[in-house]
$ cat data.pdb   # PDB, C-alpha atoms
ATOM      1  CA  MET A   1     227.302 -99.328 -35.362
ATOM      2  CA  ASN A   2     223.890 -97.898 -36.303
ATOM      3  CA  LYS A   3     223.582-100.558 -38.993
ATOM      4  CA  GLU A   4     224.224-103.294 -36.411
ATOM      5  CA  LEU A   5     221.646-101.720 -34.106
ATOM      6  CA  ASP A   6     219.090-101.598 -36.917
ATOM      7  CA  VAL A   7     219.689-105.278 -37.683
ATOM      8  CA  PHE A   8     219.307-106.130 -33.998
ATOM      9  CA  LYS A   9     216.063-104.129 -33.780
ATOM     10  CA  SER A  10     214.758-105.907 -36.880
ATOM     11  CA  GLU A  11     215.534-109.319 -35.387
ATOM     12  CA  VAL A  12     213.939-108.312 -32.087
ATOM     13  CA  ASN A  13     210.768-107.112 -33.815
ATOM     14  CA  ALA A  14     210.482-110.323 -35.833
ATOM     15  CA  LEU A  15     210.827-112.571 -32.805
ATOM     16  CA  THR A  16     208.772-110.469 -30.364
ATOM     17  CA  SER A  17     205.885-110.526 -32.836
ATOM     18  CA  LYS A  18     206.002-114.308 -32.506
ATOM     19  CA  LEU A  19     205.728-113.931 -28.744
ATOM     20  CA  GLN A  20     202.492-112.012 -29.190
ATOM     21  CA  ASP A  21     201.237-114.790 -31.482
ATOM     22  CA  LEU A  22     202.279-117.262 -28.786
ATOM     23  CA  LYS A  23     200.162-115.475 -26.164
ATOM     24  CA  LYS A  24     197.186-115.384 -28.532
ATOM     25  CA  GLU A  25     197.490-119.107 -29.249
ATOM     26  CA  ILE A  26     197.629-119.936 -25.539
ATOM     27  CA  GLY A  27     194.646-117.630 -25.021
ATOM     28  CA  LYS A  28     192.556-119.882 -27.266
ATOM     29  CA  VAL A  29     192.728-122.555 -24.564
ATOM     30  CA  ILE A  30     193.450-120.635 -21.348
ATOM     31  CA  ILE A  31     190.840-117.993 -20.527
ATOM     32  CA  GLY A  32     192.277-115.030 -18.616
ATOM     33  CA  GLN A  33     195.443-115.555 -16.530
ATOM     34  CA  GLU A  34     197.315-113.090 -18.780
ATOM     35  CA  GLU A  35     199.776-112.185 -16.032
ATOM     36  CA  THR A  36     200.593-115.840 -15.340
ATOM     37  CA  VAL A  37     201.086-116.609 -19.040
ATOM     38  CA  GLU A  38     203.329-113.554 -19.376
ATOM     39  CA  GLN A  39     205.424-114.684 -16.399
ATOM     40  CA  LEU A  40     205.806-118.151 -17.918
ATOM     41  CA  ILE A  41     207.006-116.676 -21.202
ATOM     42  CA  ILE A  42     209.424-114.394 -19.304
ATOM     43  CA  THR A  43     210.767-117.531 -17.604
ATOM     44  CA  PHE A  44     211.406-119.038 -21.042
ATOM     45  CA  LEU A  45     213.124-115.900 -22.331
ATOM     46  CA  ALA A  46     215.318-115.673 -19.232
ATOM     47  CA  GLY A  47     216.279-119.347 -19.492
ATOM     48  CA  GLY A  48     215.052-120.312 -16.028
ATOM     49  CA  HIS A  49     212.488-122.490 -14.260
ATOM     50  CA  ALA A  50     209.154-121.641 -12.670
ATOM     51  CA  LEU A  51     207.156-122.904  -9.697
ATOM     52  CA  LEU A  52     203.386-122.424 -10.010
ATOM     53  CA  GLU A  53     201.130-122.512  -6.976
ATOM     54  CA  GLY A  54     197.360-122.479  -6.963
ATOM     55  CA  VAL A  55     194.364-124.346  -5.601
ATOM     56  CA  PRO A  56     193.014-127.313  -7.592
ATOM     57  CA  GLY A  57     191.059-126.535 -10.730
ATOM     58  CA  LEU A  58     192.863-123.371 -11.848
ATOM     59  CA  ALA A  59     194.365-125.040 -14.961
ATOM     60  CA  LYS A  60     197.990-125.050 -13.798
ATOM     61  CA  THR A  61     198.759-128.298 -15.600
ATOM     62  CA  LEU A  62     196.654-127.367 -18.636
ATOM     63  CA  MET A  63     198.442-124.027 -18.903
ATOM     64  CA  ILE A  64     201.864-125.675 -18.970
ATOM     65  CA  ARG A  65     200.689-128.340 -21.424
ATOM     66  CA  THR A  66     199.239-125.663 -23.712
ATOM     67  CA  LEU A  67     202.447-123.630 -23.581
ATOM     68  CA  ALA A  68     204.431-126.771 -24.432
ATOM     69  CA  GLU A  69     202.122-127.491 -27.385
ATOM     70  CA  THR A  70     202.738-124.036 -28.865
ATOM     71  CA  VAL A  71     206.518-124.540 -28.762
ATOM     72  CA  ASP A  72     208.285-126.980 -31.060
ATOM     73  CA  LEU A  73     210.131-128.808 -28.259
ATOM     74  CA  ASN A  74     210.031-132.176 -26.496
ATOM     75  CA  PHE A  75     207.684-132.241 -23.508
ATOM     76  CA  LYS A  76     207.473-134.719 -20.621
ATOM     77  CA  ARG A  77     205.218-134.803 -17.592
ATOM     78  CA  ILE A  78     206.292-136.343 -14.280
ATOM     79  CA  GLN A  79     203.542-136.970 -11.728
ATOM     80  CA  PHE A  80     205.245-136.627  -8.345
ATOM     81  CA  THR A  81     204.026-139.145  -5.762
ATOM     82  CA  PRO A  82     205.321-140.277  -2.349
ATOM     83  CA  ASP A  83     206.802-143.464  -3.850
ATOM     84  CA  LEU A  84     208.568-141.758  -6.782
ATOM     85  CA  MET A  85     212.291-142.576  -6.887
ATOM     86  CA  PRO A  86     215.185-140.488  -8.292
ATOM     87  CA  SER A  87     215.716-143.128 -10.983
ATOM     88  CA  ASP A  88     212.121-142.547 -12.143
ATOM     89  CA  ILE A  89     213.216-139.012 -13.028
ATOM     90  CA  ILE A  90     216.837-139.350 -14.117
ATOM     91  CA  GLY A  91     216.776-142.840 -15.580
ATOM     92  CA  THR A  92     218.520-146.089 -14.797
ATOM     93  CA  GLU A  93     220.973-148.608 -16.200
ATOM     94  CA  ILE A  94     219.593-151.760 -17.763
ATOM     95  CA  LEU A  95     221.478-154.931 -18.583
ATOM     96  CA  GLU A  96     221.619-155.700 -22.292
ATOM     97  CA  GLU A  97     223.305-158.366 -24.377
ATOM     98  CA  ASP A  98     225.260-157.942 -27.592
ATOM     99  CA  HIS A  99     223.811-160.759 -29.730
ATOM    100  CA  SER A 100     226.847-160.847 -32.033
ATOM    101  CA  THR A 101     229.369-161.439 -29.242
ATOM    102  CA  GLY A 102     227.202-162.706 -26.422
ATOM    103  CA  LYS A 103     228.698-160.131 -24.065
ATOM    104  CA  LYS A 104     226.483-158.352 -21.579
ATOM    105  CA  PHE A 105     226.739-154.666 -20.775
ATOM    106  CA  PHE A 106     224.891-151.918 -18.919
ATOM    107  CA  LYS A 107     223.126-149.254 -20.962
ATOM    108  CA  PHE A 108     221.785-146.025 -19.462
ATOM    109  CA  ASN A 109     218.077-145.679 -20.145
ATOM    110  CA  LYS A 110     217.272-141.954 -19.984
ATOM    111  CA  GLY A 111     214.389-140.806 -17.819
ATOM    112  CA  PRO A 112     211.784-138.081 -18.470
ATOM    113  CA  ILE A 113     214.189-135.350 -17.281
ATOM    114  CA  PHE A 114     215.753-135.636 -20.756
ATOM    115  CA  ALA A 115     213.229-133.367 -22.429
ATOM    116  CA  ASN A 116     213.194-129.666 -23.281
ATOM    117  CA  ILE A 117     210.140-128.874 -21.158
ATOM    118  CA  VAL A 118     209.513-130.946 -18.032
ATOM    119  CA  LEU A 119     206.292-130.610 -16.038
ATOM    120  CA  ALA A 120     206.962-131.582 -12.417
ATOM    121  CA  ASP A 121     203.348-131.975 -11.351
ATOM    122  CA  GLU A 122     202.652-131.613  -7.606
ATOM    123  CA  ILE A 123     206.360-131.509  -6.846
ATOM    124  CA  ASN A 124     205.787-131.282  -3.083
ATOM    125  CA  ARG A 125     204.152-134.728  -2.954
ATOM    126  CA  THR A 126     207.485-136.551  -3.212
ATOM    127  CA  PRO A 127     210.189-136.854  -0.492
ATOM    128  CA  PRO A 128     213.253-134.529  -0.431
ATOM    129  CA  LYS A 129     215.528-137.315  -1.751
ATOM    130  CA  THR A 130     213.541-137.428  -4.980
ATOM    131  CA  GLN A 131     213.079-133.640  -5.144
ATOM    132  CA  ALA A 132     216.874-133.311  -4.944
ATOM    133  CA  ALA A 133     217.208-135.350  -8.157
ATOM    134  CA  LEU A 134     216.217-132.154  -9.988
ATOM    135  CA  LEU A 135     218.879-129.910  -8.439
ATOM    136  CA  GLU A 136     221.785-130.653 -10.776
ATOM    137  CA  ALA A 137     219.565-130.519 -13.847
ATOM    138  CA  MET A 138     218.094-127.167 -12.824
ATOM    139  CA  GLN A 139     221.411-125.515 -12.022
ATOM    140  CA  GLU A 140     223.978-127.160 -14.305
ATOM    141  CA  PHE A 141     221.712-128.395 -17.131
ATOM    142  CA  GLU A 142     223.239-131.834 -16.819
ATOM    143  CA  VAL A 143     222.622-135.126 -15.019
ATOM    144  CA  THR A 144     225.175-137.407 -13.365
ATOM    145  CA  TYR A 145     224.462-141.108 -13.011
ATOM    146  CA  SER A 146     226.915-143.784 -11.893
ATOM    147  CA  GLY A 147     229.870-141.443 -12.386
ATOM    148  CA  THR A 148     228.909-140.406 -15.924
ATOM    149  CA  THR A 149     227.619-136.925 -16.733
ATOM    150  CA  TYR A 150     224.968-136.456 -19.418
ATOM    151  CA  GLU A 151     224.222-133.014 -20.820
ATOM    152  CA  LEU A 152     220.622-131.924 -21.221
ATOM    153  CA  GLU A 153     219.499-130.519 -24.539
ATOM    154  CA  ARG A 154     218.906-126.766 -24.561
ATOM    155  CA  PRO A 155     216.593-125.016 -24.153
ATOM    156  CA  PHE A 156     215.643-126.776 -20.925
ATOM    157  CA  PHE A 157     212.866-125.744 -18.570
ATOM    158  CA  ILE A 158     211.350-127.270 -15.473
ATOM    159  CA  LEU A 159     207.852-125.999 -14.739
ATOM    160  CA  ALA A 160     206.644-127.318 -11.383
ATOM    161  CA  THR A 161     203.223-127.091  -9.748
ATOM    162  CA  GLN A 162     202.142-127.350  -6.146
ATOM    163  CA  ASN A 163     198.929-127.045  -4.167
ATOM    164  CA  PRO A 164     198.787-124.535  -1.256
ATOM    165  CA  ILE A 165     196.110-126.580   0.520
ATOM    166  CA  GLU A 166     195.932-130.279   1.409
ATOM    167  CA  GLN A 167     199.348-130.175   3.082
ATOM    168  CA  SER A 168     198.854-133.618   4.685
ATOM    169  CA  GLY A 169     201.304-136.072   3.129
ATOM    170  CA  THR A 170     203.355-133.381   1.379
ATOM    171  CA  PHE A 171     207.034-132.473   1.655
ATOM    172  CA  PRO A 172     207.646-128.694   1.472
ATOM    173  CA  LEU A 173     210.456-127.761  -0.892
ATOM    174  CA  PRO A 174     213.703-126.866   0.921
ATOM    175  CA  GLU A 175     214.854-123.263   0.532
ATOM    176  CA  ALA A 176     217.846-124.389  -1.576
ATOM    177  CA  GLN A 177     215.499-126.145  -3.989
ATOM    178  CA  GLN A 178     213.118-123.179  -4.176
ATOM    179  CA  ASP A 179     216.022-120.842  -4.923
ATOM    180  CA  ARG A 180     216.662-122.756  -8.155
ATOM    181  CA  PHE A 181     213.325-121.532  -9.484
ATOM    182  CA  LEU A 182     213.604-118.218 -11.271
ATOM    183  CA  PHE A 183     209.940-117.346 -10.632
ATOM    184  CA  TYR A 184     207.469-118.397  -7.956
ATOM    185  CA  ILE A 185     204.116-117.752  -9.638
ATOM    186  CA  LYS A 186     200.880-117.653  -7.650
ATOM    187  CA  ILE A 187     197.687-118.261  -9.616
ATOM    188  CA  GLY A 188     194.456-116.663  -8.451
ATOM    189  CA  TYR A 189     190.796-117.304  -9.207
ATOM    190  CA  PRO A 190     189.343-116.042 -12.517
ATOM    191  CA  THR A 191     187.143-112.973 -12.697
ATOM    192  CA  ASP A 192     183.363-113.240 -13.029
ATOM    193  CA  SER A 193     183.391-112.789 -16.820
ATOM    194  CA  GLU A 194     186.374-115.109 -17.263
ATOM    195  CA  GLU A 195     184.708-117.856 -15.232
ATOM    196  CA  THR A 196     181.528-117.547 -17.302
ATOM    197  CA  THR A 197     183.559-117.920 -20.502
ATOM    198  CA  ILE A 198     185.440-120.915 -19.055
ATOM    199  CA  LEU A 199     182.179-122.666 -18.204
ATOM    200  CA  LYS A 200     180.785-121.969 -21.666
ATOM    201  CA  ASN A 201     183.907-123.087 -23.555
ATOM    202  CA  THR A 202     184.688-126.244 -21.591
ATOM    203  CA  THR A 203     181.312-127.933 -21.253
ATOM    204  CA  GLY A 204     180.590-128.539 -24.933
ATOM    205  CA  THR A 205     182.023-130.784 -27.618
ATOM    206  CA  LYS A 206     184.333-128.245 -29.262
ATOM    207  CA  LYS A 207     188.015-128.592 -28.412
ATOM    208  CA  VAL A 208     190.802-126.247 -29.479
ATOM    209  CA  LYS A 209     194.140-127.680 -30.581
ATOM    210  CA  PRO A 210     196.879-125.044 -30.229
ATOM    211  CA  GLN A 211     199.328-124.626 -33.095
ATOM    212  CA  LYS A 212     203.115-124.568 -32.781
ATOM    213  CA  ILE A 213     204.278-120.968 -32.996
ATOM    214  CA  ILE A 214     207.950-120.860 -32.081
ATOM    215  CA  SER A 215     210.929-123.227 -32.329
ATOM    216  CA  GLY A 216     213.641-124.121 -29.852
ATOM    217  CA  GLU A 217     216.236-122.322 -31.978
ATOM    218  CA  GLU A 218     214.168-119.136 -31.867
ATOM    219  CA  ILE A 219     213.857-119.394 -28.083
ATOM    220  CA  LEU A 220     217.647-119.737 -27.802
ATOM    221  CA  SER A 221     218.036-116.657 -30.015
ATOM    222  CA  LEU A 222     215.630-114.727 -27.791
ATOM    223  CA  GLN A 223     217.524-115.818 -24.692
ATOM    224  CA  GLN A 224     220.710-114.399 -26.215
ATOM    225  CA  MET A 225     218.907-111.160 -27.091
ATOM    226  CA  VAL A 226     217.677-110.845 -23.495
ATOM    227  CA  ARG A 227     221.281-110.809 -22.277
ATOM    228  CA  GLU A 228     222.076-107.981 -24.689
ATOM    229  CA  ILE A 229     219.309-105.679 -23.422
ATOM    230  CA  PRO A 230     221.019-102.787 -21.564
ATOM    231  CA  ILE A 231     220.208-101.727 -18.011
ATOM    232  CA  SER A 232     221.434 -98.511 -16.401
ATOM    233  CA  ASP A 233     223.818 -98.450 -13.443
ATOM    234  CA  ASP A 234     221.134 -96.632 -11.418
ATOM    235  CA  LEU A 235     218.716 -99.523 -11.891
ATOM    236  CA  ILE A 236     221.390-102.102 -11.047
ATOM    237  CA  SER A 237     222.064-100.106  -7.872
ATOM    238  CA  PHE A 238     218.321-100.169  -7.150
ATOM    239  CA  VAL A 239     218.252-103.970  -7.475
ATOM    240  CA  SER A 240     221.241-104.290  -5.160
ATOM    241  CA  LYS A 241     219.602-102.041  -2.563
ATOM    242  CA  VAL A 242     216.325-103.967  -2.670
ATOM    243  CA  VAL A 243     218.001-107.368  -2.336
ATOM    244  CA  ARG A 244     220.333-106.237   0.445
ATOM    245  CA  ALA A 245     217.409-104.605   2.239
ATOM    246  CA  THR A 246     215.674-107.982   2.527
ATOM    247  CA  ARG A 247     218.418-109.225   4.888
ATOM    248  CA  PRO A 248     217.748-108.420   8.563
ATOM    249  CA  GLU A 249     221.458-108.232   9.399
ATOM    250  CA  THR A 250     222.237-105.581   6.751
ATOM    251  CA  SER A 251     218.852-103.873   6.290
ATOM    252  CA  THR A 252     218.192-100.407   7.671
ATOM    253  CA  ASN A 253     214.459-101.039   7.380
ATOM    254  CA  ASN A 254     212.883-101.743  10.782
ATOM    255  CA  TYR A 255     210.015-103.530   9.036
ATOM    256  CA  VAL A 256     212.455-106.136   7.705
ATOM    257  CA  LYS A 257     214.272-106.485  11.041
ATOM    258  CA  GLU A 258     210.967-107.163  12.761
ATOM    259  CA  TRP A 259     209.364-109.608  10.307
ATOM    260  CA  VAL A 260     212.095-111.369   8.282
ATOM    261  CA  SER A 261     214.167-114.387   9.329
ATOM    262  CA  TRP A 262     216.261-114.765   6.166
ATOM    263  CA  GLY A 263     216.735-112.445   3.213
ATOM    264  CA  ALA A 264     217.487-113.051  -0.434
ATOM    265  CA  GLY A 265     220.931-113.944  -1.795
ATOM    266  CA  PRO A 266     222.766-112.567  -4.846
ATOM    267  CA  ARG A 267     220.897-114.988  -7.125
ATOM    268  CA  ALA A 268     217.758-112.932  -6.445
ATOM    269  CA  GLY A 269     219.399-109.810  -7.863
ATOM    270  CA  GLN A 270     220.545-111.721 -10.932
ATOM    271  CA  ALA A 271     217.019-113.062 -11.391
ATOM    272  CA  MET A 272     215.464-109.596 -11.083
ATOM    273  CA  ILE A 273     217.740-108.146 -13.735
ATOM    274  CA  VAL A 274     217.494-110.953 -16.281
ATOM    275  CA  THR A 275     213.699-111.260 -15.960
ATOM    276  CA  ALA A 276     213.308-107.475 -16.227
ATOM    277  CA  LYS A 277     215.364-107.638 -19.424
ATOM    278  CA  ALA A 278     213.100-110.424 -20.676
ATOM    279  CA  ARG A 279     209.993-108.359 -19.917
ATOM    280  CA  ALA A 280     211.427-105.369 -21.759
ATOM    281  CA  LEU A 281     212.244-107.527 -24.789
ATOM    282  CA  MET A 282     208.810-109.129 -24.695
ATOM    283  CA  GLN A 283     207.271-105.670 -25.004
ATOM    284  CA  GLY A 284     209.629-104.730 -27.835
ATOM    285  CA  ARG A 285     211.762-102.337 -25.775
ATOM    286  CA  LEU A 286     215.557-102.252 -25.854
ATOM    287  CA  ALA A 287     216.056-100.926 -22.335
ATOM    288  CA  VAL A 288     215.002-101.955 -18.836
ATOM    289  CA  THR A 289     212.743 -99.585 -16.889
ATOM    290  CA  LEU A 290     211.989 -99.258 -13.186
ATOM    291  CA  ASP A 291     208.508-100.610 -13.908
ATOM    292  CA  ASP A 292     210.053-103.806 -15.321
ATOM    293  CA  LEU A 293     211.994-104.359 -12.111
ATOM    294  CA  LYS A 294     209.004-103.672  -9.878
ATOM    295  CA  THR A 295     206.836-106.044 -11.903
ATOM    296  CA  VAL A 296     209.232-108.993 -11.604
ATOM    297  CA  ALA A 297     210.205-108.314  -7.969
ATOM    298  CA  LEU A 298     207.317-110.253  -6.398
ATOM    299  CA  PRO A 299     207.697-113.578  -8.281
ATOM    300  CA  VAL A 300     211.482-113.336  -7.871
ATOM    301  CA  LEU A 301     211.543-112.608  -4.128
ATOM    302  CA  ARG A 302     208.477-114.360  -2.684
ATOM    303  CA  HIS A 303     210.345-117.683  -2.306
ATOM    304  CA  ARG A 304     213.667-116.103  -1.347
ATOM    305  CA  VAL A 305     212.503-113.904   1.547
ATOM    306  CA  ILE A 306     211.604-116.019   4.585
ATOM    307  CA  VAL A 307     209.395-114.292   7.152
ATOM    308  CA  ASN A 308     209.378-115.341  10.810
ATOM    309  CA  PHE A 309     206.585-117.056  12.743
ATOM    310  CA  ARG A 310     205.347-113.764  14.198
ATOM    311  CA  ALA A 311     204.926-112.333  10.706
ATOM    312  CA  GLU A 312     202.961-115.385   9.582
ATOM    313  CA  ALA A 313     200.696-115.027  12.629
ATOM    314  CA  GLU A 314     200.046-111.387  11.657
ATOM    315  CA  GLY A 315     199.323-112.311   8.024
ATOM    316  CA  ILE A 316     202.541-110.735   6.741
ATOM    317  CA  ASN A 317     204.243-112.645   3.925
ATOM    318  CA  ALA A 318     207.175-112.138   1.570
ATOM    319  CA  ASP A 319     205.030-110.142  -0.891
ATOM    320  CA  THR A 320     204.090-107.709   1.897
ATOM    321  CA  VAL A 321     207.761-107.208   2.759
ATOM    322  CA  THR A 322     208.759-106.780  -0.902
ATOM    323  CA  ASN A 323     206.054-104.170  -1.534
ATOM    324  CA  GLU A 324     207.185-102.272   1.566
ATOM    325  CA  LEU A 325     210.762-102.197   0.258
ATOM    326  CA  LEU A 326     209.739-101.170  -3.258
ATOM    327  CA  ASN A 327     207.722 -98.283  -1.850
ATOM    328  CA  THR A 328     210.590 -97.252   0.429
ATOM    329  CA  ILE A 329     213.532 -97.564  -1.935
ATOM    330  CA  SER A 330     212.112 -96.641  -5.346
ATOM    331  CA  PRO A 331     211.989 -92.840  -4.764
ATOM    332  CA  ILE A 332     215.780 -92.876  -4.426
ATOM    333  CA  ILE A 333     216.114 -93.915  -8.055
ATOM    334  CA  LYS A 334     215.973 -91.087 -10.573
TER     335      LYS A 334
END

$ encode --input "data.pdb" --output "structure tokens"
Amino acid sequence: MNKELDVFKSEVNALTSKLQDLKKEIGKVIIGQEETVEQLIITFLAGGHALLEGVPGLAKTLMIRTLAETVDLNFKRIQFTPDLMPSDIIGTEILEEDHSTGKKFFKFNKGPIFANIVLADEINRTPPKTQAALLEAMQEFEVTYSGTTYELERPFFILATQNPIEQSGTFPLPEAQQDRFLFYIKIGYPTDSEETTILKNTTGTKKVKPQKIISGEEILSLQQMVREIPISDDLISFVSKVVRATRPETSTNNYVKEWVSWGAGPRAGQAMIVTAKARALMQGRLAVTLDDLKTVALPVLRHRVIVNFRAEAEGINADTVTNELLNTISPIIK
């Protein structure tokens, strides 16, 4: 048993060292934003999808492109627009002719969803009908067209971006669609020193080409390792209490009853645990800590806890509610 554990530790150390190299390689192009980059890598390790939100000019698209360039996987970008159709994402059937027999037949021409990493740029600029074309792919890792189901190659990630301003002409993602995203990542402005470095590095002739650091097979191995990271029953109980406390009908927290319309479902608890495991693995630890859970709680819950209109008027959002619960519930855990 100890020998198996030693082998596992050795494999973990070998692969987690590559994750550190991955962060360094991304850092050659992306100045600062360490927390965002870490959350993106956690999304990869947990085998989920991420929604990134930030004002224009914060390198959301560049960050995803750079991450894709450091991973040896197929990458496709889809620019979401009001006239984008589901077939532009999934693909369509085209009529072809067999020159030897003269017979005509329909052949499915795969769309850009058939890639390992898909950038859904400005996802909220397309109507719900087209947004819904992603649902099956995100949940089942497959696509159905004209009665035929096509499996997507693993690993498979959808990394979507949206702009919190300029809401005219946009279509907010339905709650069911948002729930498919493992993380909802908010990107802030750079610090003073980071912005100075950005201006210096991006206004000259020198361009950095990131190198490929990790393969798809290694990512799949890491995803399997994440599932094997242990978590104590006390911490699982903590996750359950936090998630259940977000629901006004079952919460004993008056703060939640006053400000929340809808709480998080069981998928939120699953997301908290698996992303906490991924964070532990990323830091070379073979056990989940309370700090891991608290760190991933905000990006996991901010799109799954829906505050009411009164809360929005008072400037209270899902992050405010989550922090209140973490401060209230965490002392119960030993």

$ atom_distance --input "data.pdb" --atom1 "atom CA of Thr36 of chain A" --atom2 "atom CA of Phe114 of chain A"
25.5 Å

$ closest_residue --input "data.pdb" --among "A:Gln20, A:Thr295, A:Thr92, A:Thr170" --to "Phe106 of chain A" --atoms "all atoms listed in the file"
A:Thr92

$ closest_residue --input "data.pdb" --among "A:Phe141, A:Phe171, A:Phe44, A:Trp262" --to "Ser221 of chain A" --atoms "only C-alpha atoms"
A:Phe44

$ resolve_selection --input "data.pdb" --expression "the PyMOL selection byres ((chain A and resi 298) around 12)" --output "VMD selection string"
chain A and resid 39 182 to 186 242 to 243 268 271 to 272 275 to 276 292 to 297 299 to 305 317 to 326

$ atom_distance --input "data.pdb" --atom1 "atom CA of Ile231 of chain A" --atom2 "atom CA of Gln178 of chain A"
26.5 Å

$ resolve_selection --input "data.pdb" --expression "the PyMOL selection byres ((chain A and resi 161) around 8)" --output "PyMOL selection string"
chain A and resi 51-54+60-61+119-123+159-160+162-163

$ closest_residue --input "data.pdb" --among "A:Ser193, A:Thr250, A:Asn201, A:Gln270" --to "Asp179 of chain A" --atoms "all atoms listed in the file"
A:Gln270

$ resolve_selection --input "data.pdb" --expression "the PyMOL selection byres ((chain A and resi 33) around 12)" --output "ChimeraX atom specification"
/A:23,26-32,34-40,54,58-60,63,185-191,194-195,198

$ closest_residue --input "data.pdb" --among "A:Glu11, A:Glu69, A:Asp21, A:Glu314" --to "Ile117 of chain A" --atoms "all atoms listed in the file"
A:Glu69

$ atom_distance --input "data.pdb" --atom1 "atom CA of Arg154 of chain A" --atom2 "atom CA of Ala115 of chain A"
9.0 Å

$ closest_residue --input "data.pdb" --among "A:Glu140, A:Asp88, A:Asp72, A:Glu228" --to "Asn116 of chain A" --atoms "all atoms listed in the file"
A:Asp72

$ residues_around --input "data.pdb" --residues "Gly269 of chain A" --least-positions-apart "4" --cutoff "8 Å" --atoms "all atoms listed in the file" --output "PyMOL selection string"
chain A and resi 239-240+243+265+273

$ residues_near_point --input "data.pdb" --point "(220.5, -155.3, -15.3)" --cutoff "12 Å" --atoms "all atoms listed in the file" --output "list in words"
Thr92, Glu93, Ile94, Leu95, Glu96, Glu97, Lys104, Phe105, Phe106, Lys107, Phe108 and Asn109 of chain A

$ write_last_selection --input "data.pdb" --atoms "C-alpha atoms" --output "mmCIF file, keeping the file's coordinate frame"
data_model
loop_
_atom_site.group_PDB
_atom_site.id
_atom_site.type_symbol
_atom_site.label_atom_id
_atom_site.label_comp_id
_atom_site.auth_asym_id
_atom_site.auth_seq_id
_atom_site.Cartn_x
_atom_site.Cartn_y
_atom_site.Cartn_z
ATOM 1 C CA THR A 92 218.520 -146.089 -14.797
ATOM 2 C CA GLU A 93 220.973 -148.608 -16.200
ATOM 3 C CA ILE A 94 219.593 -151.760 -17.763
ATOM 4 C CA LEU A 95 221.478 -154.931 -18.583
ATOM 5 C CA GLU A 96 221.619 -155.700 -22.292
ATOM 6 C CA GLU A 97 223.305 -158.366 -24.377
ATOM 7 C CA LYS A 104 226.483 -158.352 -21.579
ATOM 8 C CA PHE A 105 226.739 -154.666 -20.775
ATOM 9 C CA PHE A 106 224.891 -151.918 -18.919
ATOM 10 C CA LYS A 107 223.126 -149.254 -20.962
ATOM 11 C CA PHE A 108 221.785 -146.025 -19.462
ATOM 12 C CA ASN A 109 218.077 -145.679 -20.145
#

$ residues_around --input "data.pdb" --residues "segment 253-257 of chain A" --least-positions-apart "4" --cutoff "9 Å" --atoms "all atoms listed in the file" --output "mmCIF file with C-alpha atoms, in the coordinates of the input"
data_model
loop_
_atom_site.group_PDB
_atom_site.id
_atom_site.type_symbol
_atom_site.label_atom_id
_atom_site.label_comp_id
_atom_site.auth_asym_id
_atom_site.auth_seq_id
_atom_site.Cartn_x
_atom_site.Cartn_y
_atom_site.Cartn_z
ATOM 1 C CA ALA A 245 217.409 -104.605 2.239
ATOM 2 C CA THR A 246 215.674 -107.982 2.527
ATOM 3 C CA ARG A 247 218.418 -109.225 4.888
ATOM 4 C CA PRO A 248 217.748 -108.420 8.563
ATOM 5 C CA GLU A 249 221.458 -108.232 9.399
ATOM 6 C CA SER A 261 214.167 -114.387 9.329
ATOM 7 C CA GLY A 263 216.735 -112.445 3.213
ATOM 8 C CA VAL A 307 209.395 -114.292 7.152
ATOM 9 C CA VAL A 321 207.761 -107.208 2.759
ATOM 10 C CA GLU A 324 207.185 -102.272 1.566
ATOM 11 C CA LEU A 325 210.762 -102.197 0.258
ATOM 12 C CA THR A 328 210.590 -97.252 0.429
#

$ axis_aligned_box --input "data.pdb" --around "segment 225-238 of chain A" --padding-each-side "4 Å" --output "JSON"
{"center_x": 220.7, "center_y": -103.9, "center_z": -17.1, "size_x": 14.1, "size_y": 22.5, "size_z": 27.9}

$ closest_residue --input "data.pdb" --among "A:Arg227, A:Ile236, A:Gly315, A:Ile219" --to "Leu15 of chain A" --atoms "only C-alpha atoms"
A:Ile219

$ decode --input "data.pdb" --residues "segment 210-217 of chain A" --atoms "N, CA and C atoms" --output "CSV table (one decimal), in the first residue's frame"
chain,number,residue,atom,x,y,z
A,210,PRO,N,4.4,31.6,-26.7
A,210,PRO,CA,4.5,30.6,-25.7
A,210,PRO,C,4.7,29.2,-26.2
A,211,GLN,N,5.4,28.4,-25.4
A,211,GLN,CA,5.7,27.0,-25.8
A,211,GLN,C,4.7,26.0,-25.2
A,212,LYS,N,4.5,24.9,-25.9
A,212,LYS,CA,3.6,23.9,-25.4
A,212,LYS,C,4.3,23.1,-24.2
A,213,ILE,N,3.5,23.1,-23.1
A,213,ILE,CA,4.1,22.5,-21.9
A,213,ILE,C,3.5,21.2,-21.6
A,214,ILE,N,2.2,21.0,-21.8
A,214,ILE,CA,1.5,19.8,-21.3
A,214,ILE,C,0.7,19.2,-22.4
A,215,SER,N,0.5,17.9,-22.4
A,215,SER,CA,-0.3,17.2,-23.5
A,215,SER,C,-1.7,16.9,-23.0
A,216,GLY,N,-2.6,16.6,-23.9
A,216,GLY,CA,-3.9,16.2,-23.5
A,216,GLY,C,-4.0,14.9,-22.7
A,217,GLU,N,-3.1,14.0,-23.0
A,217,GLU,CA,-3.0,12.8,-22.2
A,217,GLU,C,-2.6,13.1,-20.7
